[in-house]
>>> print(open('protein.txt').read())   # compact mmCIF, C-alpha atoms
# COMPACT_ATOMS: atom_id res chain seq x y z
CA MET C 1 82.75 83.93 88.73
CA VAL C 2 81.29 86.69 90.94
CA VAL C 3 77.88 88.11 90.06
CA LEU C 4 76.30 91.00 91.92
CA SER C 5 73.24 89.97 93.91
CA LYS C 6 69.92 91.76 93.35
CA PRO C 7 71.22 93.57 90.27
CA ALA C 8 69.59 96.87 89.41
CA PRO C 9 67.57 96.65 86.19
CA VAL C 10 69.54 97.40 83.06
CA GLU C 11 67.12 100.28 82.39
CA GLN C 12 68.52 102.08 85.45
CA MET C 13 72.04 101.93 84.04
CA SER C 14 73.43 103.42 80.87
CA VAL C 15 73.84 101.04 77.95
CA ILE C 16 76.54 102.30 75.60
CA LYS C 17 76.19 101.44 71.93
CA THR C 18 79.40 99.92 70.63
CA HIS C 19 80.51 98.79 67.19
CA LYS C 20 81.36 95.13 66.78
CA SER C 21 84.55 96.23 65.07
CA ASN C 22 85.43 98.48 68.03
CA SER C 23 89.24 98.43 68.16
CA PHE C 24 91.70 99.69 70.74
CA PHE C 25 93.19 103.15 70.44
CA ASN C 26 96.86 102.95 69.50
CA GLY C 27 97.60 106.59 70.30
CA ILE C 28 98.04 106.24 74.08
CA PRO C 29 101.40 107.87 74.97
CA VAL C 30 103.82 105.37 76.50
CA ILE C 31 106.35 106.98 78.85
CA ASP C 32 109.48 105.00 79.66
CA LEU C 33 110.55 106.42 83.03
CA SER C 34 114.14 105.27 82.46
CA ARG C 35 114.64 107.40 79.33
CA PRO C 36 115.99 110.97 79.36
CA ASP C 37 113.14 112.18 77.13
CA ALA C 38 110.48 110.98 79.60
CA LYS C 39 109.86 114.44 81.11
CA ALA C 40 109.24 116.15 77.78
CA LYS C 41 106.99 113.32 76.55
CA MET C 42 105.07 113.39 79.82
CA VAL C 43 104.32 117.11 79.54
CA LYS C 44 103.22 116.67 75.92
CA ALA C 45 100.88 113.83 76.93
CA CYS C 46 99.40 115.90 79.78
CA MET C 47 98.71 118.76 77.40
CA GLU C 48 97.22 116.69 74.60
CA LEU C 49 95.34 113.89 76.40
CA GLY C 50 95.75 114.25 80.13
CA PHE C 51 96.47 110.52 80.10
CA PHE C 52 99.44 108.24 79.50
CA LYS C 53 100.93 104.86 80.31
CA VAL C 54 104.19 104.42 82.23
CA VAL C 55 106.61 101.53 81.79
CA ASN C 56 109.93 100.73 83.47
CA HIS C 57 108.38 102.10 86.65
CA GLY C 58 110.29 99.86 89.05
CA ILE C 59 107.22 98.42 90.83
CA PRO C 60 107.61 94.63 91.26
CA THR C 61 104.97 92.56 89.49
CA GLY C 62 104.71 90.40 92.61
CA LEU C 63 103.52 93.41 94.59
CA MET C 64 100.73 94.04 92.08
CA ALA C 65 99.79 90.36 91.87
CA ARG C 66 99.52 89.97 95.66
CA LEU C 67 97.10 92.86 95.96
CA GLU C 68 95.02 91.66 93.02
CA ALA C 69 94.78 88.19 94.61
CA GLU C 70 93.60 89.72 97.90
CA ALA C 71 91.03 91.85 96.05
CA VAL C 72 89.69 88.86 94.12
CA LYS C 73 89.46 86.88 97.36
CA PHE C 74 87.37 89.61 98.97
CA PHE C 75 85.06 90.19 96.00
CA SER C 76 84.48 86.42 95.76
CA LEU C 77 82.82 86.39 99.19
CA SER C 78 79.05 86.10 99.43
CA GLN C 79 77.13 89.36 99.12
CA ALA C 80 75.97 89.02 102.73
CA GLU C 81 79.55 88.81 103.97
CA LYS C 82 80.63 91.85 101.94
CA GLU C 83 77.64 93.91 103.03
CA ARG C 84 77.68 93.04 106.73
CA ASP C 85 77.71 96.01 109.08
CA SER C 86 81.34 96.99 109.47
CA GLY C 87 80.91 100.19 111.46
CA ILE C 88 82.91 102.09 108.82
CA SER C 89 81.62 105.58 108.07
CA SER C 90 80.32 106.37 104.59
CA PRO C 91 81.63 106.86 101.93
CA PHE C 92 84.41 104.44 102.93
CA GLY C 93 84.25 100.68 103.01
CA TYR C 94 82.31 98.41 100.66
CA GLY C 95 79.83 99.64 98.08
CA SER C 96 77.99 98.16 95.12
CA LYS C 97 76.09 99.59 92.16
CA THR C 98 75.58 103.03 93.73
CA ILE C 99 78.34 105.56 93.02
CA GLY C 100 78.18 108.73 95.10
CA ARG C 101 75.06 110.33 96.53
CA ASN C 102 73.35 111.80 93.50
CA GLY C 103 71.85 108.95 91.53
CA ASP C 104 74.82 107.53 89.62
CA VAL C 105 74.78 103.74 89.29
CA GLY C 106 77.03 101.24 87.58
CA TRP C 107 77.78 97.55 87.20
CA ILE C 108 80.45 97.69 89.88
CA GLU C 109 81.37 96.83 93.45
CA TYR C 110 84.25 98.43 95.25
CA LEU C 111 86.27 99.10 98.36
CA LEU C 112 87.14 102.73 99.12
CA MET C 113 89.59 103.79 101.80
CA GLN C 114 91.93 106.53 102.89
CA THR C 115 95.60 105.69 102.48
CA ASN C 116 96.77 106.25 106.05
CA LYS C 117 97.73 103.25 108.17
CA GLU C 118 94.76 103.65 110.51
CA SER C 119 92.20 103.54 107.68
CA VAL C 120 93.81 100.55 105.98
CA SER C 121 93.97 98.69 109.30
CA GLU C 122 90.33 99.54 110.09
CA ILE C 123 89.10 98.32 106.69
CA SER C 124 91.15 95.13 106.98
CA LYS C 125 89.87 94.23 110.44
CA ALA C 126 86.26 95.16 109.72
CA LEU C 127 85.78 93.49 106.34
CA ILE C 128 88.42 90.76 105.98
CA ARG C 129 87.73 87.74 108.20
CA ASP C 130 90.17 85.32 106.62
CA ASN C 131 93.70 86.56 107.35
CA PRO C 132 93.14 90.35 107.52
CA ASP C 133 96.87 90.88 108.05
CA ALA C 134 97.65 89.54 104.57
CA PHE C 135 95.17 92.01 103.05
CA ARG C 136 96.49 94.90 105.16
CA THR C 137 100.09 94.15 104.25
CA ALA C 138 99.33 93.85 100.53
CA VAL C 139 97.43 97.15 100.51
CA SER C 140 99.99 99.00 102.64
CA GLU C 141 102.97 97.90 100.53
CA TYR C 142 101.14 98.80 97.34
CA LEU C 143 100.13 102.23 98.64
CA SER C 144 103.68 102.99 99.72
CA ALA C 145 104.89 102.20 96.19
CA MET C 146 102.09 104.27 94.61
CA LYS C 147 102.81 107.34 96.71
CA LYS C 148 106.46 107.17 95.74
CA LEU C 149 105.60 106.69 92.05
CA ALA C 150 103.05 109.53 92.10
CA CYS C 151 105.60 111.92 93.58
CA GLU C 152 108.24 110.83 91.08
CA ILE C 153 105.87 111.47 88.18
CA LEU C 154 104.75 114.86 89.54
CA GLU C 155 108.37 115.93 89.98
CA MET C 156 109.14 114.88 86.41
CA MET C 157 106.18 116.98 85.27
CA ALA C 158 107.59 119.98 87.15
CA ASP C 159 110.99 119.41 85.53
CA GLY C 160 109.34 119.19 82.13
CA LEU C 161 107.59 122.52 82.76
CA ASN C 162 110.89 124.04 83.95
CA ILE C 163 109.48 125.15 87.31
CA GLN C 164 111.15 125.18 90.70
CA PRO C 165 111.13 123.76 93.24
CA ARG C 166 110.59 120.43 91.54
CA ASN C 167 108.43 119.22 94.44
CA LEU C 168 105.89 122.00 93.86
CA PHE C 169 103.23 119.43 92.90
CA SER C 170 104.45 116.37 94.77
CA LYS C 171 104.63 118.06 98.18
CA LEU C 172 100.83 118.36 98.11
CA LEU C 173 100.63 114.56 98.47
CA MET C 174 103.22 114.38 101.25
CA PHE C 175 101.48 116.20 104.11
CA GLU C 176 100.05 114.14 106.93
CA GLU C 177 96.71 115.81 106.11
CA SER C 178 96.90 115.09 102.36
CA ASP C 179 93.62 113.66 101.08
CA ASN C 180 95.00 110.58 99.32
CA LEU C 181 92.45 107.85 98.59
CA PHE C 182 92.48 104.30 97.26
CA ARG C 183 89.83 102.29 95.41
CA LEU C 184 89.66 98.61 94.57
CA ASN C 185 87.05 98.17 91.82
CA HIS C 186 85.45 94.95 90.62
CA TYR C 187 83.33 94.86 87.47
CA PRO C 188 81.71 91.40 87.38
CA PRO C 189 80.71 89.76 84.09
CA CYS C 190 77.33 91.11 83.05
CA PRO C 191 75.07 88.17 82.06
CA LEU C 192 72.17 90.56 81.43
CA LEU C 193 73.88 91.79 78.27
CA GLN C 194 75.19 88.51 76.89
CA GLY C 195 73.99 88.22 73.33
CA ARG C 196 72.60 91.77 73.33
CA GLU C 197 73.89 94.84 71.52
CA GLY C 198 75.82 97.40 73.53
CA LYS C 199 77.74 97.40 76.81
CA LEU C 200 76.63 98.35 80.29
CA THR C 201 78.28 101.23 82.10
CA GLY C 202 80.48 100.03 84.93
CA PHE C 203 81.59 103.51 85.98
CA ALA C 204 80.02 106.50 84.22
CA GLU C 205 82.04 109.19 82.46
CA HIS C 206 83.82 111.62 84.78
CA THR C 207 87.05 113.41 85.51
CA ASP C 208 89.02 112.83 88.71
CA PRO C 209 88.96 115.88 91.02
CA GLN C 210 92.35 115.18 92.60
CA ILE C 211 95.83 116.12 91.35
CA ILE C 212 96.83 112.75 89.91
CA SER C 213 95.44 109.21 89.69
CA ILE C 214 97.41 106.01 89.09
CA LEU C 215 95.43 103.11 87.66
CA ARG C 216 96.37 99.47 87.29
CA SER C 217 94.03 96.65 86.23
CA ASN C 218 94.02 93.00 85.30
CA ASN C 219 94.05 92.03 81.63
CA THR C 220 90.33 92.63 81.07
CA SER C 221 89.67 95.75 79.05
CA GLY C 222 86.86 98.24 79.62
CA LEU C 223 88.52 101.60 80.22
CA GLN C 224 87.74 104.33 77.70
CA ILE C 225 88.92 107.93 77.47
CA SER C 226 87.42 110.90 75.67
CA LEU C 227 89.50 112.69 73.05
CA ARG C 228 89.37 116.44 72.46
CA ASP C 229 86.79 116.00 69.71
CA GLY C 230 84.46 114.25 72.17
CA SER C 231 84.90 110.77 70.70
CA TRP C 232 85.45 107.79 72.99
CA VAL C 233 88.32 105.34 72.47
CA SER C 234 89.13 102.05 74.21
CA VAL C 235 92.38 101.71 76.13
CA PRO C 236 94.23 98.38 75.73
CA SER C 237 94.69 96.72 79.12
CA ASP C 238 98.21 96.05 80.40
CA GLN C 239 98.51 94.50 83.84
CA LYS C 240 102.25 95.18 84.06
CA SER C 241 101.99 98.94 83.48
CA PHE C 242 100.29 101.91 85.09
CA PHE C 243 97.96 104.46 83.54
CA ILE C 244 98.12 108.06 84.73
CA ASN C 245 95.18 110.46 84.82
CA VAL C 246 95.63 114.20 85.12
CA GLY C 247 93.07 115.39 87.69
CA ASP C 248 91.01 118.59 87.84
CA SER C 249 93.29 120.09 90.50
CA LEU C 250 96.37 119.74 88.30
CA GLN C 251 94.47 121.31 85.41
CA VAL C 252 93.80 124.31 87.66
CA LEU C 253 97.38 124.56 88.94
CA THR C 254 98.68 124.62 85.36
CA ASN C 255 95.99 127.10 84.24
CA GLY C 256 94.60 124.61 81.76
CA ARG C 257 97.93 123.62 80.20
CA PHE C 258 97.39 120.09 81.46
CA ARG C 259 94.06 118.53 80.63
CA SER C 260 91.96 116.59 83.12
CA VAL C 261 90.97 113.47 81.19
CA ARG C 262 87.32 112.42 80.95
CA HIS C 263 87.04 108.65 81.21
CA ARG C 264 84.61 105.79 81.89
CA VAL C 265 84.54 102.02 82.27
CA LEU C 266 82.27 99.64 80.35
CA ALA C 267 81.40 96.28 81.88
CA ASN C 268 82.39 93.12 80.03
CA SER C 269 79.67 90.58 79.28
CA TYR C 270 81.89 87.57 79.97
CA LYS C 271 85.04 88.62 81.85
CA SER C 272 85.65 90.09 85.29
CA ARG C 273 87.67 93.32 85.51
CA VAL C 274 89.60 94.23 88.67
CA SER C 275 91.27 97.62 88.98
CA MET C 276 93.11 99.53 91.68
CA ILE C 277 93.38 103.31 91.69
CA TYR C 278 95.52 105.59 93.84
CA PHE C 279 94.19 109.16 94.03
CA GLY C 280 96.70 111.82 95.09
CA GLY C 281 94.94 114.80 96.66
CA PRO C 282 96.02 117.84 98.68
CA PRO C 283 95.05 118.71 102.26
CA TYR C 284 91.52 120.07 102.72
CA THR C 285 92.83 123.54 103.58
CA GLU C 286 95.14 123.77 100.54
CA LYS C 287 94.34 126.72 98.30
CA LEU C 288 94.26 125.85 94.61
CA ALA C 289 94.76 128.40 91.83
CA PRO C 290 96.89 128.75 88.69
CA LEU C 291 100.56 129.02 89.62
CA PRO C 292 101.91 132.54 88.86
CA LEU C 293 105.31 131.13 87.84
CA LEU C 294 103.61 129.26 84.99
CA MET C 295 101.68 132.27 83.74
CA GLY C 296 103.03 134.06 80.70
CA GLU C 297 102.99 137.84 80.40
CA GLY C 298 99.43 138.98 79.82
CA GLU C 299 98.07 135.43 80.18
CA GLU C 300 94.52 135.26 81.46
CA CYS C 301 93.99 133.42 84.77
CA LEU C 302 91.24 130.88 84.03
CA TYR C 303 90.28 129.85 87.56
CA LYS C 304 89.38 131.50 90.85
CA GLU C 305 91.23 130.49 94.00
CA PHE C 306 89.46 127.83 96.08
CA THR C 307 90.35 125.28 98.71
CA TRP C 308 90.38 121.54 98.12
CA PHE C 309 87.59 121.26 100.70
CA GLU C 310 85.42 123.64 98.66
CA TYR C 311 86.05 121.73 95.47
CA LYS C 312 85.52 118.30 96.97
CA SER C 313 82.28 119.51 98.59
CA CYS C 314 81.14 120.64 95.15
CA ALA C 315 82.06 117.23 93.69
CA TYR C 316 79.92 115.45 96.28
CA LYS C 317 76.89 117.53 95.24
CA THR C 318 77.15 116.85 91.50
CA ARG C 319 76.65 113.92 89.14
CA LEU C 320 79.70 112.10 87.82
CA ALA C 321 79.41 113.51 84.30
CA ASP C 322 79.03 117.14 85.45
CA ASN C 323 81.80 119.63 84.68
CA ARG C 324 82.62 120.80 88.19
CA LEU C 325 85.37 123.21 87.15
CA VAL C 326 82.86 125.49 85.41
CA GLN C 327 81.76 126.76 88.82
CA PHE C 328 85.30 127.87 89.60
CA MET C 329 86.19 129.60 86.35
CA LYS C 330 86.63 133.35 86.23
>>> encode(input="protein.txt", output="structure tokens")
Amino acid sequence: MVVLSKPAPVEQMSVIKTHKSNSFFNGIPVIDLSRPDAKAKMVKACMELGFFKVVNHGIPTGLMARLEAEAVKFFSLSQAEKERDSGISSPFGYGSKTIGRNGDVGWIEYLLMQTNKESVSEISKALIRDNPDAFRTAVSEYLSAMKKLACEILEMMADGLNIQPRNLFSKLLMFEESDNLFRLNHYPPCPLLQGREGKLTGFAEHTDPQIISILRSNNTSGLQISLRDGSWVSVPSDQKSFFINVGDSLQVLTNGRFRSVRHRVLANSYKSRVSMIYFGGPPYTEKLAPLPLLMGEGEECLYKEFTWFEYKSCAYKTRLADNRLVQFMK
């Protein structure tokens, strides 16, 4: 078992009241990528929840298991080894408890990296002493599969919306300058809450600013999403499937047709949760605005045009729970 050293007092973190009878939400859309109705169901899920699960995705379970094993191996190191000076520039590399620059904290430790080969190699050499090549290979192979899956899903979304070309969304992830990121998250068991009411926030509520996020975790639950009525529901874990988040940028591109999902993670008192998230983002210079070809006659344009750099800069200046898109609405 891995426990964070020098834990921040519980008072500094949000304790979420939960009901003992808290059950999992059974309304998560499940999209079978092999079925002909997948595109239509995907669009419906993006409009209603901004969140869905994909099955029959073609990603080998061995690929997922190898990366999870490498992540567990790293997070099992002593705190001193994980926190040693790596020379990696913030915000990349290892972090614990502090999320961002504006006071957000959580019961979490993580590795954050860019998805290009140079960044993955740098992280591997700087932080992994025991067989860095195994870590680098596991991450690289996983990222290659995630990029392909993200583009496949985005192209299916375009097909479902009947827009051409079908790579209108996916091409934004394919540029050499595309701002694609990858996080490995570890939520250790939280002994401070054992026997107490409520759960500690692992990662506070937020939306993802990018276009799309692909999440996979071990079989420990903790992820929750917010429904349209503002209520929070727990997502059943499934280590063989992937969960897809619509990001703020995709909400803008579709003029609000697709909904950026608000979500959070609650720490488990007894079990460790490991998750891996691929964030598909556009180049910094990419201009984002509602696509004219999606706009109906007389339809109001909800968002001003802005670059990804402008939006990401805004995100870095705000708290996790803030609604960043409000600043870019007309």
>>> residues_around(input="protein.txt", residues="Leu302 (chain C)", least_positions_apart="6", cutoff="10 Å", atoms="all atoms listed in the file", output="list in words")
Val252, Thr254, Asn255, Gly256, Ala289, Pro290, Phe328, Met329 and Lys330 of chain C
>>> atom_distance(input="protein.txt", atom1="CA of Pro292 (chain C)", atom2="CA of Lys171 (chain C)")
17.4 Å
>>> residues_around(input="protein.txt", residues="Leu127 (chain C)", least_positions_apart="3", cutoff="10 Å", atoms="all atoms listed in the file", output="list in words")
Phe74, Glu81, Lys82, Glu83, Arg84, Asp85, Ser86, Gly87, Ile88, Gly93, Tyr94, Leu111, Glu122, Ile123, Ser124, Asp130 and Pro132 of chain C
>>> closest_residue(input="protein.txt", among="C:Val43, C:Leu149, C:Ile59, C:Leu161", to="Tyr278 (chain C)", atoms="only C-alpha atoms")
C:Leu149
>>> closest_atom_pairs(input="protein.txt", of="region 245-280 of chain C", to="region 314-327 of chain C", cutoff="12 Å", atoms="all atoms listed in the file", output="JSON lines")
{"residue": "C:Gly247", "atom": "CA", "partner": "C:Leu325", "partner_atom": "CA", "distance": 11.0}
{"residue": "C:Asp248", "atom": "CA", "partner": "C:Leu325", "partner_atom": "CA", "distance": 7.3}
{"residue": "C:Ser249", "atom": "CA", "partner": "C:Leu325", "partner_atom": "CA", "distance": 9.1}
{"residue": "C:Leu250", "atom": "CA", "partner": "C:Leu325", "partner_atom": "CA", "distance": 11.6}
{"residue": "C:Gln251", "atom": "CA", "partner": "C:Leu325", "partner_atom": "CA", "distance": 9.5}
{"residue": "C:Val252", "atom": "CA", "partner": "C:Leu325", "partner_atom": "CA", "distance": 8.5}
{"residue": "C:Asn255", "atom": "CA", "partner": "C:Leu325", "partner_atom": "CA", "distance": 11.7}
{"residue": "C:Gly256", "atom": "CA", "partner": "C:Leu325", "partner_atom": "CA", "distance": 10.8}
{"residue": "C:Arg259", "atom": "CA", "partner": "C:Leu325", "partner_atom": "CA", "distance": 11.8}
{"residue": "C:Ser260", "atom": "CA", "partner": "C:Leu325", "partner_atom": "CA", "distance": 10.2}
{"residue": "C:Val261", "atom": "CA", "partner": "C:Asn323", "partner_atom": "CA", "distance": 11.6}
{"residue": "C:Arg262", "atom": "CA", "partner": "C:Ala321", "partner_atom": "CA", "distance": 8.7}
{"residue": "C:His263", "atom": "CA", "partner": "C:Ala321", "partner_atom": "CA", "distance": 9.6}
{"residue": "C:Arg264", "atom": "CA", "partner": "C:Ala321", "partner_atom": "CA", "distance": 9.6}
>>> atom_distance(input="protein.txt", atom1="CA of Leu181 (chain C)", atom2="CA of Arg136 (chain C)")
15.1 Å
>>> closest_residue(input="protein.txt", among="C:Ser272, C:Asn218, C:Thr285, C:Thr201", to="Ser76 (chain C)", atoms="only C-alpha atoms")
C:Ser272
>>> atom_distance(input="protein.txt", atom1="CA of Lys41 (chain C)", atom2="CA of Val55 (chain C)")
12.9 Å
>>> closest_residue(input="protein.txt", among="C:Ile153, C:Cys46, C:Leu184, C:Leu200", to="Asp32 (chain C)", atoms="all atoms listed in the file")
C:Ile153
>>> closest_atom_pairs(input="protein.txt", of="region 146-192 of chain C", to="region 95-99 of chain C", cutoff="12 Å", atoms="all atoms listed in the file", output="JSON lines")
{"residue": "C:Arg183", "atom": "CA", "partner": "C:Gly95", "partner_atom": "CA", "distance": 10.7}
{"residue": "C:Leu184", "atom": "CA", "partner": "C:Gly95", "partner_atom": "CA", "distance": 10.5}
{"residue": "C:Asn185", "atom": "CA", "partner": "C:Ser96", "partner_atom": "CA", "distance": 9.6}
{"residue": "C:His186", "atom": "CA", "partner": "C:Ser96", "partner_atom": "CA", "distance": 9.3}
{"residue": "C:Tyr187", "atom": "CA", "partner": "C:Lys97", "partner_atom": "CA", "distance": 9.8}
{"residue": "C:Pro188", "atom": "CA", "partner": "C:Ser96", "partner_atom": "CA", "distance": 10.9}
>>> residues_around(input="protein.txt", residues="region 224-234 of chain C", least_positions_apart="6", cutoff="12 Å", atoms="all atoms listed in the file", output="MDAnalysis selection string")
chainID C and resid 16:19 21:28 47:52 201:207 243:246 259:267
>>> residues_around(input="protein.txt", residues="Asp179 (chain C)", least_positions_apart="2", cutoff="8 Å", atoms="all atoms listed in the file", output="VMD selection string")
chain C and resid 114 173 177 181 280 to 284
>>> residues_around(input="protein.txt", residues="Lys287 (chain C)", least_positions_apart="5", cutoff="10 Å", atoms="all atoms listed in the file", output="number ranges by chain")
C: 282, 305-310
>>> closest_residue(input="protein.txt", among="C:Val139, C:Pro165, C:Ile108, C:Leu223", to="Phe75 (chain C)", atoms="all atoms listed in the file")
C:Ile108
